[in-house]
Amino acid sequence: MVSVTRAVFGDLPLGAGTVEKFQLQSDQLRVDIISWGCTITALEVKDRQGRASDLVLGFAELEGYLQKQPYFGAVVGRVANRIAKGTFTLDGKEYQLAINNGPNSLHGGVRGFDKVLWTPQVLSNGVEFSRVSPDGEEGYPGELKVWVTYTLDGGELVINYRAQASQTTPVNLTNHSYFNLAGQGSPNIYDHEVTIEADAFLPVDETLIPTGEVAPVQGTAFDLRKPVELGKHLQEFHMNGFDHNFCLKGSKEKRFCARVHHAGSGRVLEVYTTQPGVQFYTGNFLDGTLKGKRGAVYPKHSGFCLETQNWPDAVNQPHFPPVLLKPDLSGMDLWEMDQI
């Protein structure tokens, strides 16, 4: 049985609307999602002793999400990840996007899908959010109708993304939750054991744009096909952290992609997806300046993201999986499933 409750989370400034919170609860986990950016604000799971902790970084109040912050828990789009120099050419026309990450465009631009109010609809076991991204929003071509559905079944949280375009446009949607399986506010994720089922990854340049090479993980720091303890692994390979796309076998059916185990609490997060990639990010840019829930601060490496998605800069790299959604398609189904 899943219960769904609805409450006011806060009001946007200047009468721009009311943000609601939807709480989905099963016998195994509880998740709170708000209509601002379809953002997961809390995810509570018990440890082996039966003690519940909130495992996602974020804020207790709306003000936290309205400040400059690194996409905690939000759905990002129209195109997640980076587009080189914020530009691409489609049908002979060049499009220029906002530059908001060094020389590149990141996560949909200055006001992406994470910074807008979505329209909610309560379901028996979850909630569906929808919005229309107008033609030209953040520089992208065509109107895009988008639906994001969160449903809960026992210990599985399923996120389904669907989009319909009025003209050809790149689309790449993901959820940007930061997890710490020891509980949000824990100082780091070094004792987390990580597995990613990927034979290849994408090397990046100094601005984190893929070079175009699809490199085998064999014999590199990116071979996570067998579990590695994160802290020891970063030390062994003298790494600042991960912020890389791992290449998966994209499929119509959702398939296993990653597993994170926290021995101290006994908690396990498994991710399944239909997408061809997962961006593994270890919170390298967190710096302890943001005040989170229950007075927590979030220093570097205090949370990790597993963002299932298409490959970064795919719109400019023809040998990457196709990222264009055409208007003659009824929609695009993207699945991500977190099982805890």
# chains A, B, ... in the order shown; residues from 1 in each chain; ligands from 1
>>> residues_around(residues="segment 17-22 of chain A", least_positions_apart="6", cutoff="10 Å", atoms="only C-alpha atoms", output="list in words")
Val4, Thr5, Arg6, Ala7, Val8, Phe9, Gly10, Asp11, Val31, Asp32, Ile33, Ile34, Ser35, Trp36, Gly37, Cys38, Thr39, Ile40, Thr41, Leu62, Leu117, Trp118, Thr119, Pro120, Gln121, Val122, Gly126 and Val127 of chain A
>>> select_by_dssp(residues="segment 148-299 of chain A", states="strand (DSSP E or B)", output="PyMOL selection string")
chain A and resi 148-153+156-165+169-170+172+174-175+179+192-196+200-201+204+210+215-216+228-229+243-247+255-262+267-273+277-281+291+297
>>> closest_residue(among="A:Arg131, A:Arg225, A:Lys232, A:Arg78", to="Leu106 of chain A", atoms="only C-alpha atoms")
A:Arg78
>>> residues_around(residues="Ala182 of chain A", least_positions_apart="4", cutoff="9 Å", atoms="only C-alpha atoms", output="count of residues only")
13
>>> closest_atom_pairs(of="segment 20-99 of chain A", to="segment 195-218 of chain A", cutoff="10 Å", atoms="only C-alpha atoms", output="Markdown table")
| residue | atom | partner | partner_atom | distance |
| --- | --- | --- | --- | --- |
| A:Asn81 | CA | A:Ile209 | CA | 9.3 |
| A:Arg82 | CA | A:Ile209 | CA | 6.6 |
| A:Ile83 | CA | A:Ile209 | CA | 7.5 |
| A:Ala84 | CA | A:Ile209 | CA | 6.3 |
| A:Lys85 | CA | A:Ile209 | CA | 9.4 |
>>> residues_around(residues="Val2 of chain A", least_positions_apart="4", cutoff="12 Å", atoms="only C-alpha atoms", output="ChimeraX atom specification")
/A:23-31,123-127,151-157
>>> closest_residue(among="A:Asn180, A:Gln96, A:Gln317, A:Thr273", to="Ser302 of chain A", atoms="only C-alpha atoms")
A:Asn180
>>> residues_around(residues="Asp328 of chain A", least_positions_apart="3", cutoff="9 Å", atoms="only C-alpha atoms", output="list in words")
Gln164, Ala165, Ser166, Gln167, Thr168, Leu325 and Gly331 of chain A
>>> write_last_selection(atoms="all heavy atoms", output="compact mmCIF listing (two decimals), in the first residue's frame")
# COMPACT_ATOMS: atom_id res chain seq x y z
N GLN A 164 6.84 15.52 -25.70
CA GLN A 164 6.26 15.62 -27.05
C GLN A 164 6.64 16.98 -27.61
O GLN A 164 6.41 18.02 -26.96
CB GLN A 164 4.75 15.49 -26.93
CG GLN A 164 4.08 15.06 -28.21
CD GLN A 164 2.64 14.66 -27.95
OE1 GLN A 164 2.09 14.98 -26.91
NE2 GLN A 164 2.03 13.97 -28.88
N ALA A 165 7.23 16.96 -28.82
CA ALA A 165 7.78 18.19 -29.39
C ALA A 165 6.96 18.68 -30.58
O ALA A 165 6.43 17.88 -31.36
CB ALA A 165 9.22 17.93 -29.85
N SER A 166 6.87 20.01 -30.74
CA SER A 166 6.18 20.58 -31.91
C SER A 166 7.13 20.68 -33.10
O SER A 166 6.70 20.76 -34.24
CB SER A 166 5.61 21.96 -31.57
OG SER A 166 6.67 22.88 -31.37
N GLN A 167 8.44 20.74 -32.83
CA GLN A 167 9.44 20.65 -33.89
C GLN A 167 10.68 19.97 -33.31
O GLN A 167 10.81 19.83 -32.10
CB GLN A 167 9.77 22.03 -34.47
CG GLN A 167 10.50 22.98 -33.55
CD GLN A 167 10.67 24.37 -34.18
OE1 GLN A 167 9.74 25.17 -34.16
NE2 GLN A 167 11.84 24.66 -34.72
N THR A 168 11.57 19.53 -34.19
CA THR A 168 12.73 18.76 -33.74
C THR A 168 13.57 19.56 -32.74
O THR A 168 13.90 20.72 -33.00
CB THR A 168 13.59 18.35 -34.96
OG1 THR A 168 12.76 17.59 -35.85
CG2 THR A 168 14.77 17.51 -34.54
N LEU A 325 14.47 14.77 -30.47
CA LEU A 325 13.08 14.30 -30.45
C LEU A 325 12.36 14.98 -31.60
O LEU A 325 12.37 16.20 -31.72
CB LEU A 325 12.42 14.66 -29.11
CG LEU A 325 10.97 14.22 -28.94
CD1 LEU A 325 10.84 12.70 -28.98
CD2 LEU A 325 10.38 14.76 -27.65
N GLY A 331 5.95 10.58 -28.45
CA GLY A 331 6.58 10.94 -27.18
C GLY A 331 7.83 10.13 -26.97
O GLY A 331 8.18 9.29 -27.79
>>> select_by_dssp(residues="segment 68-315 of chain A", states="helix (DSSP H, G or I)", output="list of chain:residue names")
A:Ala84, A:Lys85, A:Gly86, A:Phe113, A:Asp114, A:Lys115, A:Glu137, A:Glu138, A:Gly139, A:Leu230, A:Gly231, A:Lys232, A:His233, A:Leu234, A:Gln235, A:Glu236, A:Lys293, A:Arg294, A:Gly295, A:Ala314, A:Val315
>>> write_last_selection(atoms="C-alpha atoms", output="compact mmCIF listing (two decimals), in the first residue's frame")
# COMPACT_ATOMS: atom_id res chain seq x y z
CA ALA A 84 29.81 22.63 -25.74
CA LYS A 85 29.91 26.44 -26.09
CA GLY A 86 26.11 26.43 -25.68
CA PHE A 113 13.20 22.84 -15.80
CA ASP A 114 14.54 22.87 -12.22
CA LYS A 115 13.56 26.55 -11.76
CA GLU A 137 12.67 28.87 -24.00
CA GLU A 138 16.37 29.17 -23.06
CA GLY A 139 17.13 29.20 -26.80
CA LEU A 230 34.98 5.22 -2.91
CA GLY A 231 37.43 6.93 -0.54
CA LYS A 232 40.19 4.37 -1.03
CA HIS A 233 39.60 4.33 -4.78
CA LEU A 234 39.90 8.13 -5.13
CA GLN A 235 43.10 8.04 -3.06
CA GLU A 236 44.61 5.15 -5.00
CA LYS A 293 18.20 20.34 6.44
CA ARG A 294 18.61 20.03 10.22
CA GLY A 295 21.51 22.48 10.16
CA ALA A 314 25.30 14.39 -27.84
CA VAL A 315 23.70 17.10 -30.00
